[in-house]
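Data first, discussion second: the structure below is written as structure tokens.
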Amino acid sequence: MEEGTAKERRITGARVVACSPGRNFVTLVIETAGGVTGIGDATLNGRELAVASYLQDHVCPALIGCDAGMIEDIWQYLYRGAYWRRGPVTMSAIAGVDTALWDIKAKMANMPLYQLLGGRSRDRVLVYGHANGRDLEHTIEEMQRYREMGYRAIRLQSGVPGLQTAYGVSKDSLFYEPASDALPEEQVWDTARYLAFAPKLFERAREAAGPDIHLLHDVHHRLTPQEAARLGKALEPYSLFWMEDPTPAENQEAFRLIRQHTTTPLAVGEVFNTIHDCRELIQNQLIDYIRTTVVHAGGVTHLRRIADLASLYQVRTGSHGATDLSPVCMGTALHFDTWVPNFGIQEYMRHTEETDAVFPHDYRFEEGALFCGESPGHGVSLDEKLAAKYPYDPKQLPVARLTDGTLWNW
Ligand SMILES: O=C(O)C(=O)C[C@H](O)[C@H](O)CO
Ligand SMILES: [Mg+2]
């Protein structure tokens, strides 16, 4: 049975809302003749207006008159039909459309999205928090704060002695926001100092947390494969849940070297857009967790393909969930996580109160897990009146340079 009549499902409006309630978000709103509206996240941190224009100028006009129920066909139309396939801008735009259409379909079926995907595989979604501090002891204090909040899995990021900045360390420790200036801030990176420090952090953390807390760490693409192999080996005694993005992954083969040297689990994929970015990593079992998300990897339709491929190789999901992925993405991800059989963990960086007010949602955090709600659709809406009070505010991610000025991976 199709939800609604063909007449009711006709798309009558598609528009982009860019707003900045504490940080920038791009949201696509799709309206149907039957009065059901769906929304999708299309935020690409630091490149928001490129996606907004892609949608507004090239995609929205083509959606008018389409049947909102034909999610797969619309996905293929946008992917194949553009001729220029893949890439973060294209795939975030497709994700915005795809998410809004799943929202509409689930609302028309009067079901929470996870029911439409195949129903529950679990009753809660294990999440990890992002504890960070200016130095080792401050990071341990923050880790304890996260434990008190109920988290069972905690990613630790710390300032490194001798370096002014390190990835993942915020000015306000609970809300991490790296996109701070209209032009990229320049930061200095020193691999040797980091490699000398990171194992000490996790030795101390494991001692303080005991064996029952999952500890994670994000290397944020900053090592060479050989350096990553060394770090993975040095961290083995502290049993990490994962080491994330140890080296850039354009060359998927690079992970073979890391894999051959360490049993520390590896997680990759927050910057991936399609199944082709991770196909070799998965098929050669070079990673343990795939971090692709709803918003940057073509929406629910494409993420499901990636998860299904991963499941054949016992690779589990561990979707990106930083603050630059809007509550619309988080709500949708939680329905996906509730369904997906090979779920591993979900990142959960909290949004600010301002953001949450613009995107009312029915997911909630309790005892280290997130629970998606039971309302029809993905359970997240957009308060457009409130959003209008927060106009788009240009901000870009920082860049990193080595101590001699060489541009490095931020
Ligand atoms: O949350 C993470 O794992 C990140 O690496 C966050 C990224 O730096 C952030 O989403 C970039 O916009
Ligand atoms: Mg990361």
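Order determines the names: the first chain of the structure tokens is A, the second B, and so forth; residues in each chain are numbered 1 upward, and ligands are numbered 1 upward as they are shown.
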Show which residues sit within 8 Å of Asn273 (chain A), as JSON, numbers by chain. Count only C-alpha atoms, and ignore same-chain residues fewer than 5 positions away.
{"A": [86, 87, 88, 91, 292, 296, 297, 298]}
Within 10 Å of region 8-24 of chain A, which residues of region 335-355 of chain A come that close, and what is the closest atom pair and distance in Å for each? Count only C-alpha atoms and give it as a Markdown table.
```
| residue | atom | partner | partner_atom | distance |
| --- | --- | --- | --- | --- |
| A:His351 | CA | A:Gly22 | CA | 8.9 |
| A:Thr352 | CA | A:Gly22 | CA | 7.1 |
| A:Glu353 | CA | A:Gly22 | CA | 8.8 |
| A:Glu354 | CA | A:Pro21 | CA | 5.4 |
| A:Thr355 | CA | A:Pro21 | CA | 5.1 |
```
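Taking CA of Thr43 (chain A) and CA of Ile71 (chain A) as endpoints, the distance between them is 20.3 Å.
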As a PDB file with N, CA and C atoms, in the first residue's frame, please: the residues near region 221-225 of chain A (cut-off 6 Å, only C-alpha atoms, same-chain neighbours under 6 positions excluded).
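Here's the written file out_7.pdb:
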```pdb
ATOM      1  N   ASP A 245      40.187   7.883  12.348  1.00  0.00           N
ATOM      2  CA  ASP A 245      40.876   8.644  11.302  1.00  0.00           C
ATOM      3  C   ASP A 245      42.377   8.786  11.560  1.00  0.00           C
ATOM      4  N   PRO A 246      43.092   7.674  11.686  1.00  0.00           N
ATOM      5  CA  PRO A 246      44.515   7.794  12.004  1.00  0.00           C
ATOM      6  C   PRO A 246      45.330   8.443  10.883  1.00  0.00           C
ATOM      7  N   THR A 247      44.872   8.258   9.636  1.00  0.00           N
ATOM      8  CA  THR A 247      45.584   8.865   8.493  1.00  0.00           C
ATOM      9  C   THR A 247      44.526   9.200   7.436  1.00  0.00           C
ATOM     10  N   PRO A 248      44.805  10.156   6.544  1.00  0.00           N
ATOM     11  CA  PRO A 248      43.805  10.443   5.504  1.00  0.00           C
ATOM     12  C   PRO A 248      43.511   9.184   4.700  1.00  0.00           C
ATOM     13  N   ILE A 258      48.694  -0.022   8.616  1.00  0.00           N
ATOM     14  CA  ILE A 258      48.302   0.201  10.018  1.00  0.00           C
ATOM     15  C   ILE A 258      47.761  -1.111  10.585  1.00  0.00           C
ATOM     16  N   ASN A 409      47.332  18.321   7.582  1.00  0.00           N
ATOM     17  CA  ASN A 409      45.908  17.951   7.657  1.00  0.00           C
ATOM     18  C   ASN A 409      45.341  18.476   8.964  1.00  0.00           C
TER      19      ASN A 409
END
```
Check every protein, DNA and RNA residue against ligand 2, keep those with an atom at most 9 Å away (counting only C-alpha atoms and all ligand atoms), and present them as a ChimeraX atom specification.
/A:168,217-221,244-245,268-271,291,320-322
Give the strand (DSSP E) residues of region 120-261 of chain A, as assigned by DSSP on the backbone, as a PDB file with N, CA, C and O atoms, in the first residue's frame.
```pdb
ATOM      1  N   VAL A 125      20.373   3.396  21.810  1.00  0.00           N
ATOM      2  CA  VAL A 125      21.506   3.628  20.920  1.00  0.00           C
ATOM      3  C   VAL A 125      22.690   4.081  21.780  1.00  0.00           C
ATOM      4  O   VAL A 125      22.675   5.181  22.341  1.00  0.00           O
ATOM      5  N   LEU A 126      23.690   3.229  21.897  1.00  0.00           N
ATOM      6  CA  LEU A 126      24.881   3.580  22.678  1.00  0.00           C
ATOM      7  C   LEU A 126      25.584   4.766  22.031  1.00  0.00           C
ATOM      8  O   LEU A 126      25.844   4.736  20.816  1.00  0.00           O
ATOM      9  N   VAL A 127      25.899   5.778  22.828  1.00  0.00           N
ATOM     10  CA  VAL A 127      26.578   6.950  22.266  1.00  0.00           C
ATOM     11  C   VAL A 127      27.879   7.216  23.010  1.00  0.00           C
ATOM     12  O   VAL A 127      28.046   6.804  24.152  1.00  0.00           O
ATOM     13  N   TYR A 128      28.780   7.914  22.329  1.00  0.00           N
ATOM     14  CA  TYR A 128      29.971   8.382  23.051  1.00  0.00           C
ATOM     15  C   TYR A 128      29.993   9.899  23.083  1.00  0.00           C
ATOM     16  O   TYR A 128      29.558  10.561  22.149  1.00  0.00           O
ATOM     17  N   GLY A 129      30.488  10.413  24.195  1.00  0.00           N
ATOM     18  CA  GLY A 129      30.616  11.854  24.370  1.00  0.00           C
ATOM     19  C   GLY A 129      32.052  12.285  24.069  1.00  0.00           C
ATOM     20  O   GLY A 129      32.959  11.453  23.959  1.00  0.00           O
ATOM     21  N   HIS A 130      32.235  13.582  23.960  1.00  0.00           N
ATOM     22  CA  HIS A 130      33.520  14.152  23.533  1.00  0.00           C
ATOM     23  C   HIS A 130      34.116  14.925  24.704  1.00  0.00           C
ATOM     24  O   HIS A 130      33.888  16.131  24.855  1.00  0.00           O
ATOM     25  N   ALA A 131      34.866  14.226  25.583  1.00  0.00           N
ATOM     26  CA  ALA A 131      35.460  14.909  26.738  1.00  0.00           C
ATOM     27  C   ALA A 131      36.808  15.481  26.312  1.00  0.00           C
ATOM     28  O   ALA A 131      37.618  14.777  25.709  1.00  0.00           O
ATOM     29  N   ASN A 132      37.029  16.727  26.638  1.00  0.00           N
ATOM     30  CA  ASN A 132      38.294  17.332  26.220  1.00  0.00           C
ATOM     31  C   ASN A 132      38.779  18.338  27.245  1.00  0.00           C
ATOM     32  O   ASN A 132      37.988  18.966  27.943  1.00  0.00           O
ATOM     33  N   GLY A 133      40.107  18.463  27.317  1.00  0.00           N
ATOM     34  CA  GLY A 133      40.669  19.396  28.289  1.00  0.00           C
ATOM     35  C   GLY A 133      41.947  20.020  27.789  1.00  0.00           C
ATOM     36  O   GLY A 133      42.566  19.518  26.850  1.00  0.00           O
ATOM     37  N   ALA A 153      30.645   5.511  27.157  1.00  0.00           N
ATOM     38  CA  ALA A 153      31.693   5.560  26.136  1.00  0.00           C
ATOM     39  C   ALA A 153      32.105   7.016  25.978  1.00  0.00           C
ATOM     40  O   ALA A 153      31.243   7.891  25.826  1.00  0.00           O
ATOM     41  N   ILE A 154      33.415   7.257  26.056  1.00  0.00           N
ATOM     42  CA  ILE A 154      33.886   8.648  26.076  1.00  0.00           C
ATOM     43  C   ILE A 154      35.116   8.787  25.178  1.00  0.00           C
ATOM     44  O   ILE A 154      36.073   8.012  25.298  1.00  0.00           O
ATOM     45  N   ARG A 155      35.045   9.779  24.289  1.00  0.00           N
ATOM     46  CA  ARG A 155      36.222  10.049  23.451  1.00  0.00           C
ATOM     47  C   ARG A 155      37.048  11.116  24.147  1.00  0.00           C
ATOM     48  O   ARG A 155      36.510  12.141  24.583  1.00  0.00           O
ATOM     49  N   LEU A 156      38.341  10.884  24.248  1.00  0.00           N
ATOM     50  CA  LEU A 156      39.212  11.829  24.951  1.00  0.00           C
ATOM     51  C   LEU A 156      40.091  12.575  23.961  1.00  0.00           C
ATOM     52  O   LEU A 156      40.773  11.965  23.138  1.00  0.00           O
ATOM     53  N   GLN A 157      40.070  13.895  24.069  1.00  0.00           N
ATOM     54  CA  GLN A 157      40.937  14.759  23.262  1.00  0.00           C
ATOM     55  C   GLN A 157      41.574  15.755  24.225  1.00  0.00           C
ATOM     56  O   GLN A 157      40.861  16.358  25.044  1.00  0.00           O
ATOM     57  N   SER A 158      42.880  15.906  24.132  1.00  0.00           N
ATOM     58  CA  SER A 158      43.559  16.743  25.122  1.00  0.00           C
ATOM     59  C   SER A 158      44.537  17.699  24.455  1.00  0.00           C
ATOM     60  O   SER A 158      45.096  17.383  23.392  1.00  0.00           O
ATOM     61  N   GLU A 186      44.753  29.701  11.661  1.00  0.00           N
ATOM     62  CA  GLU A 186      45.922  28.840  11.392  1.00  0.00           C
ATOM     63  C   GLU A 186      46.420  28.243  12.702  1.00  0.00           C
ATOM     64  O   GLU A 186      46.644  28.965  13.673  1.00  0.00           O
ATOM     65  N   GLN A 187      46.579  26.946  12.743  1.00  0.00           N
ATOM     66  CA  GLN A 187      47.046  26.269  13.959  1.00  0.00           C
ATOM     67  C   GLN A 187      48.349  25.537  13.652  1.00  0.00           C
ATOM     68  O   GLN A 187      48.586  25.134  12.524  1.00  0.00           O
ATOM     69  N   VAL A 188      49.172  25.346  14.699  1.00  0.00           N
ATOM     70  CA  VAL A 188      50.463  24.674  14.507  1.00  0.00           C
ATOM     71  C   VAL A 188      50.396  23.260  15.061  1.00  0.00           C
ATOM     72  O   VAL A 188      49.864  23.031  16.155  1.00  0.00           O
ATOM     73  N   TRP A 189      50.920  22.311  14.304  1.00  0.00           N
ATOM     74  CA  TRP A 189      50.861  20.904  14.682  1.00  0.00           C
ATOM     75  C   TRP A 189      52.267  20.303  14.716  1.00  0.00           C
ATOM     76  O   TRP A 189      53.093  20.585  13.842  1.00  0.00           O
ATOM     77  N   HIS A 214      34.137   2.558  27.861  1.00  0.00           N
ATOM     78  CA  HIS A 214      34.762   2.526  26.537  1.00  0.00           C
ATOM     79  C   HIS A 214      35.502   3.848  26.318  1.00  0.00           C
ATOM     80  O   HIS A 214      34.912   4.914  26.478  1.00  0.00           O
ATOM     81  N   LEU A 215      36.767   3.757  25.930  1.00  0.00           N
ATOM     82  CA  LEU A 215      37.551   4.956  25.629  1.00  0.00           C
ATOM     83  C   LEU A 215      37.823   5.008  24.123  1.00  0.00           C
ATOM     84  O   LEU A 215      38.160   3.983  23.512  1.00  0.00           O
ATOM     85  N   LEU A 216      37.668   6.199  23.562  1.00  0.00           N
ATOM     86  CA  LEU A 216      37.881   6.383  22.129  1.00  0.00           C
ATOM     87  C   LEU A 216      38.822   7.560  21.920  1.00  0.00           C
ATOM     88  O   LEU A 216      39.019   8.389  22.821  1.00  0.00           O
ATOM     89  N   HIS A 217      39.389   7.641  20.712  1.00  0.00           N
ATOM     90  CA  HIS A 217      40.274   8.765  20.414  1.00  0.00           C
ATOM     91  C   HIS A 217      40.234   9.082  18.922  1.00  0.00           C
ATOM     92  O   HIS A 217      40.204   8.180  18.097  1.00  0.00           O
ATOM     93  N   ASP A 218      40.243  10.396  18.620  1.00  0.00           N
ATOM     94  CA  ASP A 218      40.222  10.863  17.227  1.00  0.00           C
ATOM     95  C   ASP A 218      41.591  11.442  16.879  1.00  0.00           C
ATOM     96  O   ASP A 218      42.015  12.438  17.467  1.00  0.00           O
ATOM     97  N   TRP A 242      38.027   2.480  19.857  1.00  0.00           N
ATOM     98  CA  TRP A 242      38.591   2.709  18.526  1.00  0.00           C
ATOM     99  C   TRP A 242      39.588   3.844  18.502  1.00  0.00           C
ATOM    100  O   TRP A 242      39.606   4.708  19.376  1.00  0.00           O
ATOM    101  N   MET A 243      40.415   3.799  17.450  1.00  0.00           N
ATOM    102  CA  MET A 243      41.282   4.916  17.078  1.00  0.00           C
ATOM    103  C   MET A 243      40.699   5.417  15.754  1.00  0.00           C
ATOM    104  O   MET A 243      40.572   4.662  14.793  1.00  0.00           O
ATOM    105  N   GLU A 244      40.344   6.718  15.736  1.00  0.00           N
ATOM    106  CA  GLU A 244      39.573   7.257  14.594  1.00  0.00           C
ATOM    107  C   GLU A 244      40.476   8.025  13.632  1.00  0.00           C
ATOM    108  O   GLU A 244      41.364   8.768  14.074  1.00  0.00           O
TER     109      GLU A 244
END
```
Please identify all polymer residues within 10 Å of Thr293 (chain A), counting only C-alpha atoms, omitting same-chain residues fewer than 6 positions from it, and present them as a ChimeraX atom specification.
/A:92,95,269-273,299-300,302-303,317-321,325,329-330,332-333,346
Please write the residues from the selection above to a file, keeping C-alpha atoms, as a short mmCIF file (atom, residue, chain, number, x, y, z; two decimals), in the first residue's frame.
```cif
data_model
loop_
_atom_site.label_atom_id
_atom_site.label_comp_id
_atom_site.auth_asym_id
_atom_site.auth_seq_id
_atom_site.Cartn_x
_atom_site.Cartn_y
_atom_site.Cartn_z
CA SER A 92 25.01 16.60 1.16
CA ALA A 95 21.03 13.81 1.60
CA GLY A 269 34.61 7.62 7.21
CA GLU A 270 33.22 10.91 8.53
CA VAL A 271 34.46 12.69 5.39
CA PHE A 272 33.30 9.96 3.00
CA ASN A 273 30.36 10.60 0.68
CA GLY A 299 20.91 10.29 3.10
CA VAL A 300 19.21 7.21 4.51
CA HIS A 302 22.71 5.49 0.51
CA LEU A 303 23.79 5.00 4.13
CA THR A 317 28.52 1.50 12.13
CA GLY A 318 29.81 4.38 14.23
CA SER A 319 28.28 7.45 12.64
CA HIS A 320 29.75 10.90 12.94
CA GLY A 321 27.66 13.12 15.20
CA LEU A 325 25.48 17.84 11.92
CA CYS A 329 20.66 14.60 11.04
CA MET A 330 20.94 13.34 14.62
CA THR A 332 17.39 10.63 11.51
CA ALA A 333 20.62 8.86 12.50
CA GLN A 346 26.85 6.71 17.65
#
```
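One distance worth recording is that between CA of Gly69 (chain A) and CA of Asn110 (chain A), which is 13.9 Å.
Nearest to Met349 (chain A) of all the residues A:Gly118, A:Pro327, A:Gly65, A:Gly210 is A:Pro327, based on only C-alpha atoms.
In terms of minimum interatomic distance to Lys107 (chain A), A:Ser375 ranks closest within A:Thr406, A:Asn45, A:Gln226, A:Ser375, counting only C-alpha atoms.
Shortest separation to Ser170 (chain A) among A:Lys105, A:Arg134, A:Arg124, A:Lys385 occurs at residue A:Arg134, atoms counted being only C-alpha atoms.
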Write out as a tab-separated table (two decimals) with C-alpha atoms, in the first residue's frame which residues come within 9 Å of region 307-316 of chain A when counting only C-alpha atoms, dropping same-chain ones fewer than 4 positions away.
```tsv
chain	number	residue	atom	x	y	z
A	275	ILE	CA	30.12	3.56	-0.79
A	279	ARG	CA	34.51	-0.23	-0.45
A	282	ILE	CA	35.38	-2.78	4.10
A	283	GLN	CA	35.97	-5.63	1.67
A	284	ASN	CA	39.57	-6.05	2.80
A	285	GLN	CA	38.55	-5.79	6.46
A	287	ILE	CA	38.61	-1.13	9.43
A	288	ASP	CA	36.24	-2.09	12.23
A	289	TYR	CA	33.78	0.83	12.20
A	290	ILE	CA	32.40	2.90	9.34
A	291	ARG	CA	31.64	6.51	10.30
A	302	HIS	CA	22.71	5.49	0.51
A	303	LEU	CA	23.79	5.00	4.13
A	340	VAL	CA	20.58	-1.13	11.49
A	341	PRO	CA	21.57	-4.70	12.40
A	342	ASN	CA	25.34	-4.04	12.43
A	343	PHE	CA	25.21	-1.03	14.73
A	344	GLY	CA	28.36	-0.24	16.73
A	345	ILE	CA	28.06	3.16	18.40
```
Based on DSSP run over this structure's backbone, return all residues of region 176-232 of chain A in helix (DSSP H, G or I), as an MDAnalysis selection string.
chainID A and resid 191:209 225:232
Just the residues within 10 Å of region 195-201 of chain A, please, counting only C-alpha atoms, with nothing from its chain fewer than 4 positions along; format it as a compact mmCIF listing (two decimals) with all heavy atoms, in the first residue's frame.
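Saved to around17.txt:
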```
# COMPACT_ATOMS: atom_id res chain seq x y z
N ASP A 135 44.82 20.12 29.22
CA ASP A 135 45.99 19.28 29.45
C ASP A 135 45.51 17.93 30.01
O ASP A 135 44.30 17.71 30.15
CB ASP A 135 46.98 19.95 30.41
CG ASP A 135 46.33 20.35 31.73
OD1 ASP A 135 45.32 19.70 32.11
OD2 ASP A 135 46.81 21.29 32.38
N LEU A 136 46.47 17.06 30.34
CA LEU A 136 46.12 15.69 30.72
C LEU A 136 45.15 15.66 31.91
O LEU A 136 44.09 15.03 31.85
CB LEU A 136 47.41 14.91 31.03
CG LEU A 136 47.29 13.41 31.18
CD1 LEU A 136 48.59 12.73 30.77
CD2 LEU A 136 46.92 13.01 32.59
N GLU A 137 45.50 16.37 32.98
CA GLU A 137 44.66 16.28 34.18
C GLU A 137 43.28 16.88 33.94
O GLU A 137 42.27 16.37 34.43
CB GLU A 137 45.35 16.93 35.39
CG GLU A 137 46.46 16.06 36.00
CD GLU A 137 46.05 14.57 36.26
OE1 GLU A 137 44.91 14.32 36.69
OE2 GLU A 137 46.88 13.67 35.99
N THR A 139 41.71 16.90 31.14
CA THR A 139 40.96 15.95 30.30
C THR A 139 40.41 14.81 31.18
O THR A 139 39.27 14.36 30.98
CB THR A 139 41.86 15.40 29.18
OG1 THR A 139 42.41 16.51 28.47
CG2 THR A 139 41.10 14.50 28.22
N ILE A 140 41.20 14.37 32.15
CA ILE A 140 40.72 13.30 33.05
C ILE A 140 39.52 13.82 33.87
O ILE A 140 38.52 13.13 34.04
CB ILE A 140 41.85 12.80 33.98
CG1 ILE A 140 43.03 12.25 33.15
CG2 ILE A 140 41.35 11.74 34.97
CD1 ILE A 140 42.71 11.05 32.26
N LEU A 156 38.34 10.88 24.25
CA LEU A 156 39.21 11.83 24.95
C LEU A 156 40.09 12.57 23.96
O LEU A 156 40.77 11.97 23.14
CB LEU A 156 40.12 11.08 25.93
CG LEU A 156 39.45 10.27 27.02
CD1 LEU A 156 40.50 9.69 27.95
CD2 LEU A 156 38.46 11.13 27.82
N GLN A 157 40.07 13.90 24.07
CA GLN A 157 40.94 14.76 23.26
C GLN A 157 41.57 15.76 24.23
O GLN A 157 40.86 16.36 25.04
CB GLN A 157 40.13 15.50 22.21
CG GLN A 157 39.31 14.62 21.28
CD GLN A 157 40.10 13.64 20.42
OE1 GLN A 157 39.68 12.51 20.22
NE2 GLN A 157 41.25 14.06 19.91
N SER A 158 42.88 15.91 24.13
CA SER A 158 43.56 16.74 25.12
C SER A 158 44.54 17.70 24.45
O SER A 158 45.10 17.38 23.39
CB SER A 158 44.34 15.83 26.08
OG SER A 158 45.16 16.59 26.93
N GLY A 159 44.77 18.83 25.12
CA GLY A 159 45.87 19.69 24.74
C GLY A 159 47.17 18.90 24.87
O GLY A 159 47.28 18.02 25.73
N VAL A 160 48.15 19.21 24.02
CA VAL A 160 49.43 18.48 24.01
C VAL A 160 50.50 19.43 24.53
O VAL A 160 50.56 20.58 24.08
CB VAL A 160 49.75 18.04 22.55
CG1 VAL A 160 51.13 17.41 22.47
CG2 VAL A 160 48.67 17.11 22.02
N PRO A 161 51.34 18.97 25.49
CA PRO A 161 52.38 19.88 26.01
C PRO A 161 53.22 20.48 24.89
O PRO A 161 53.66 19.75 23.99
CB PRO A 161 53.23 18.95 26.90
CG PRO A 161 52.35 17.79 27.23
CD PRO A 161 51.38 17.65 26.11
N ASP A 190 52.51 19.46 15.74
CA ASP A 190 53.81 18.81 15.87
C ASP A 190 53.57 17.35 16.21
O ASP A 190 53.21 17.00 17.34
CB ASP A 190 54.60 19.53 16.99
CG ASP A 190 56.01 18.98 17.14
OD1 ASP A 190 56.23 17.79 16.81
OD2 ASP A 190 56.89 19.74 17.59
N THR A 191 53.77 16.48 15.23
CA THR A 191 53.46 15.06 15.38
C THR A 191 54.28 14.41 16.50
O THR A 191 53.76 13.60 17.27
CB THR A 191 53.72 14.33 14.04
OG1 THR A 191 52.86 14.91 13.07
CG2 THR A 191 53.43 12.86 14.15
N ALA A 205 44.04 7.58 31.83
CA ALA A 205 42.57 7.50 31.71
C ALA A 205 42.08 6.10 32.07
O ALA A 205 41.09 5.95 32.80
CB ALA A 205 42.15 7.85 30.28
N ARG A 206 42.77 5.09 31.59
CA ARG A 206 42.33 3.72 31.88
C ARG A 206 42.45 3.43 33.38
O ARG A 206 41.56 2.81 33.97
CB ARG A 206 43.15 2.73 31.04
CG ARG A 206 42.74 1.30 31.15
CD ARG A 206 41.24 1.08 30.93
NE ARG A 206 40.85 1.01 29.54
CZ ARG A 206 39.59 1.17 29.11
NH1 ARG A 206 38.60 1.41 29.96
NH2 ARG A 206 39.29 1.08 27.83
N HIS A 217 39.39 7.64 20.71
CA HIS A 217 40.27 8.76 20.41
C HIS A 217 40.23 9.08 18.92
O HIS A 217 40.20 8.18 18.10
CB HIS A 217 41.71 8.43 20.85
CG HIS A 217 42.67 9.57 20.64
ND1 HIS A 217 42.51 10.80 21.22
CD2 HIS A 217 43.80 9.64 19.88
CE1 HIS A 217 43.50 11.60 20.84
NE2 HIS A 217 44.29 10.91 20.03
N VAL A 219 42.27 10.82 15.92
CA VAL A 219 43.58 11.33 15.49
C VAL A 219 43.38 12.44 14.45
O VAL A 219 44.28 13.24 14.18
CB VAL A 219 44.44 10.17 14.93
CG1 VAL A 219 45.82 10.66 14.51
CG2 VAL A 219 44.59 9.06 15.98
N LEU A 223 48.32 11.68 11.09
CA LEU A 223 49.53 10.86 11.08
C LEU A 223 49.75 10.23 9.70
O LEU A 223 48.82 10.09 8.91
CB LEU A 223 49.41 9.75 12.13
CG LEU A 223 49.24 10.23 13.58
CD1 LEU A 223 49.11 9.03 14.51
CD2 LEU A 223 50.41 11.11 14.01
N GLU A 227 53.26 6.17 11.30
CA GLU A 227 53.09 6.79 12.62
C GLU A 227 51.82 6.27 13.29
O GLU A 227 51.78 6.03 14.50
CB GLU A 227 53.01 8.32 12.48
CG GLU A 227 54.32 8.97 12.09
CD GLU A 227 54.14 10.38 11.53
OE1 GLU A 227 52.99 10.81 11.24
OE2 GLU A 227 55.16 11.06 11.33
N ALA A 228 50.79 6.09 12.47
CA ALA A 228 49.52 5.58 13.00
C ALA A 228 49.68 4.16 13.52
O ALA A 228 49.13 3.79 14.56
CB ALA A 228 48.45 5.62 11.91
N ARG A 230 52.39 2.92 14.76
CA ARG A 230 53.12 3.06 16.04
C ARG A 230 52.18 3.44 17.17
O ARG A 230 52.21 2.89 18.26
CB ARG A 230 54.15 4.18 15.91
CG ARG A 230 55.56 3.70 15.83
CD ARG A 230 56.49 4.88 15.63
NE ARG A 230 56.61 5.72 16.82
CZ ARG A 230 57.11 6.96 16.79
NH1 ARG A 230 57.50 7.49 15.65
NH2 ARG A 230 57.20 7.67 17.89
N LEU A 231 51.30 4.41 16.88
CA LEU A 231 50.38 4.87 17.93
C LEU A 231 49.40 3.76 18.31
O LEU A 231 49.17 3.51 19.50
CB LEU A 231 49.61 6.12 17.47
CG LEU A 231 48.60 6.66 18.50
CD1 LEU A 231 49.31 7.09 19.80
CD2 LEU A 231 47.80 7.83 17.94
N GLY A 232 48.84 3.09 17.30
CA GLY A 232 47.90 2.01 17.58
C GLY A 232 48.52 0.96 18.48
O GLY A 232 47.89 0.47 19.43
N LYS A 233 49.76 0.63 18.21
CA LYS A 233 50.49 -0.38 19.00
C LYS A 233 50.69 0.12 20.44
O LYS A 233 50.46 -0.61 21.40
CB LYS A 233 51.85 -0.60 18.34
CG LYS A 233 52.22 -2.03 18.17
CD LYS A 233 53.43 -2.11 17.27
CE LYS A 233 54.36 -3.17 17.81
NZ LYS A 233 55.49 -3.40 16.91
N ALA A 234 51.08 1.40 20.55
CA ALA A 234 51.34 1.96 21.89
C ALA A 234 50.06 2.04 22.71
O ALA A 234 50.12 2.00 23.95
CB ALA A 234 51.96 3.35 21.73
N LEU A 235 48.91 2.13 22.04
CA LEU A 235 47.64 2.26 22.79
C LEU A 235 47.02 0.90 23.14
O LEU A 235 46.05 0.84 23.90
CB LEU A 235 46.63 3.08 21.96
CG LEU A 235 46.98 4.56 21.75
CD1 LEU A 235 45.97 5.23 20.83
CD2 LEU A 235 47.05 5.32 23.08
N GLU A 236 47.56 -0.17 22.60
CA GLU A 236 46.95 -1.49 22.82
C GLU A 236 46.72 -1.84 24.30
O GLU A 236 45.65 -2.35 24.65
CB GLU A 236 47.77 -2.59 22.13
CG GLU A 236 47.45 -2.66 20.64
CD GLU A 236 48.37 -3.60 19.88
OE1 GLU A 236 48.99 -4.49 20.52
OE2 GLU A 236 48.48 -3.44 18.65
N PRO A 237 47.66 -1.54 25.20
CA PRO A 237 47.42 -1.91 26.61
C PRO A 237 46.18 -1.25 27.22
O PRO A 237 45.67 -1.72 28.24
CB PRO A 237 48.68 -1.42 27.33
CG PRO A 237 49.71 -1.22 26.28
CD PRO A 237 48.98 -0.93 25.00
N TYR A 238 45.68 -0.16 26.61
CA TYR A 238 44.57 0.58 27.22
C TYR A 238 43.22 0.24 26.57
O TYR A 238 42.21 0.88 26.85
CB TYR A 238 44.88 2.09 27.19
CG TYR A 238 46.31 2.32 27.57
CD1 TYR A 238 47.22 2.89 26.69
CD2 TYR A 238 46.79 1.85 28.80
CE1 TYR A 238 48.55 3.02 27.02
CE2 TYR A 238 48.14 1.97 29.14
CZ TYR A 238 49.01 2.55 28.24
OH TYR A 238 50.34 2.64 28.56
```
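Among the candidates A:Ala50, A:Met149, A:Ala182, A:Leu44, the residue lying nearest to ligand 1 is A:Leu44 (atoms considered: only C-alpha atoms and all ligand atoms).
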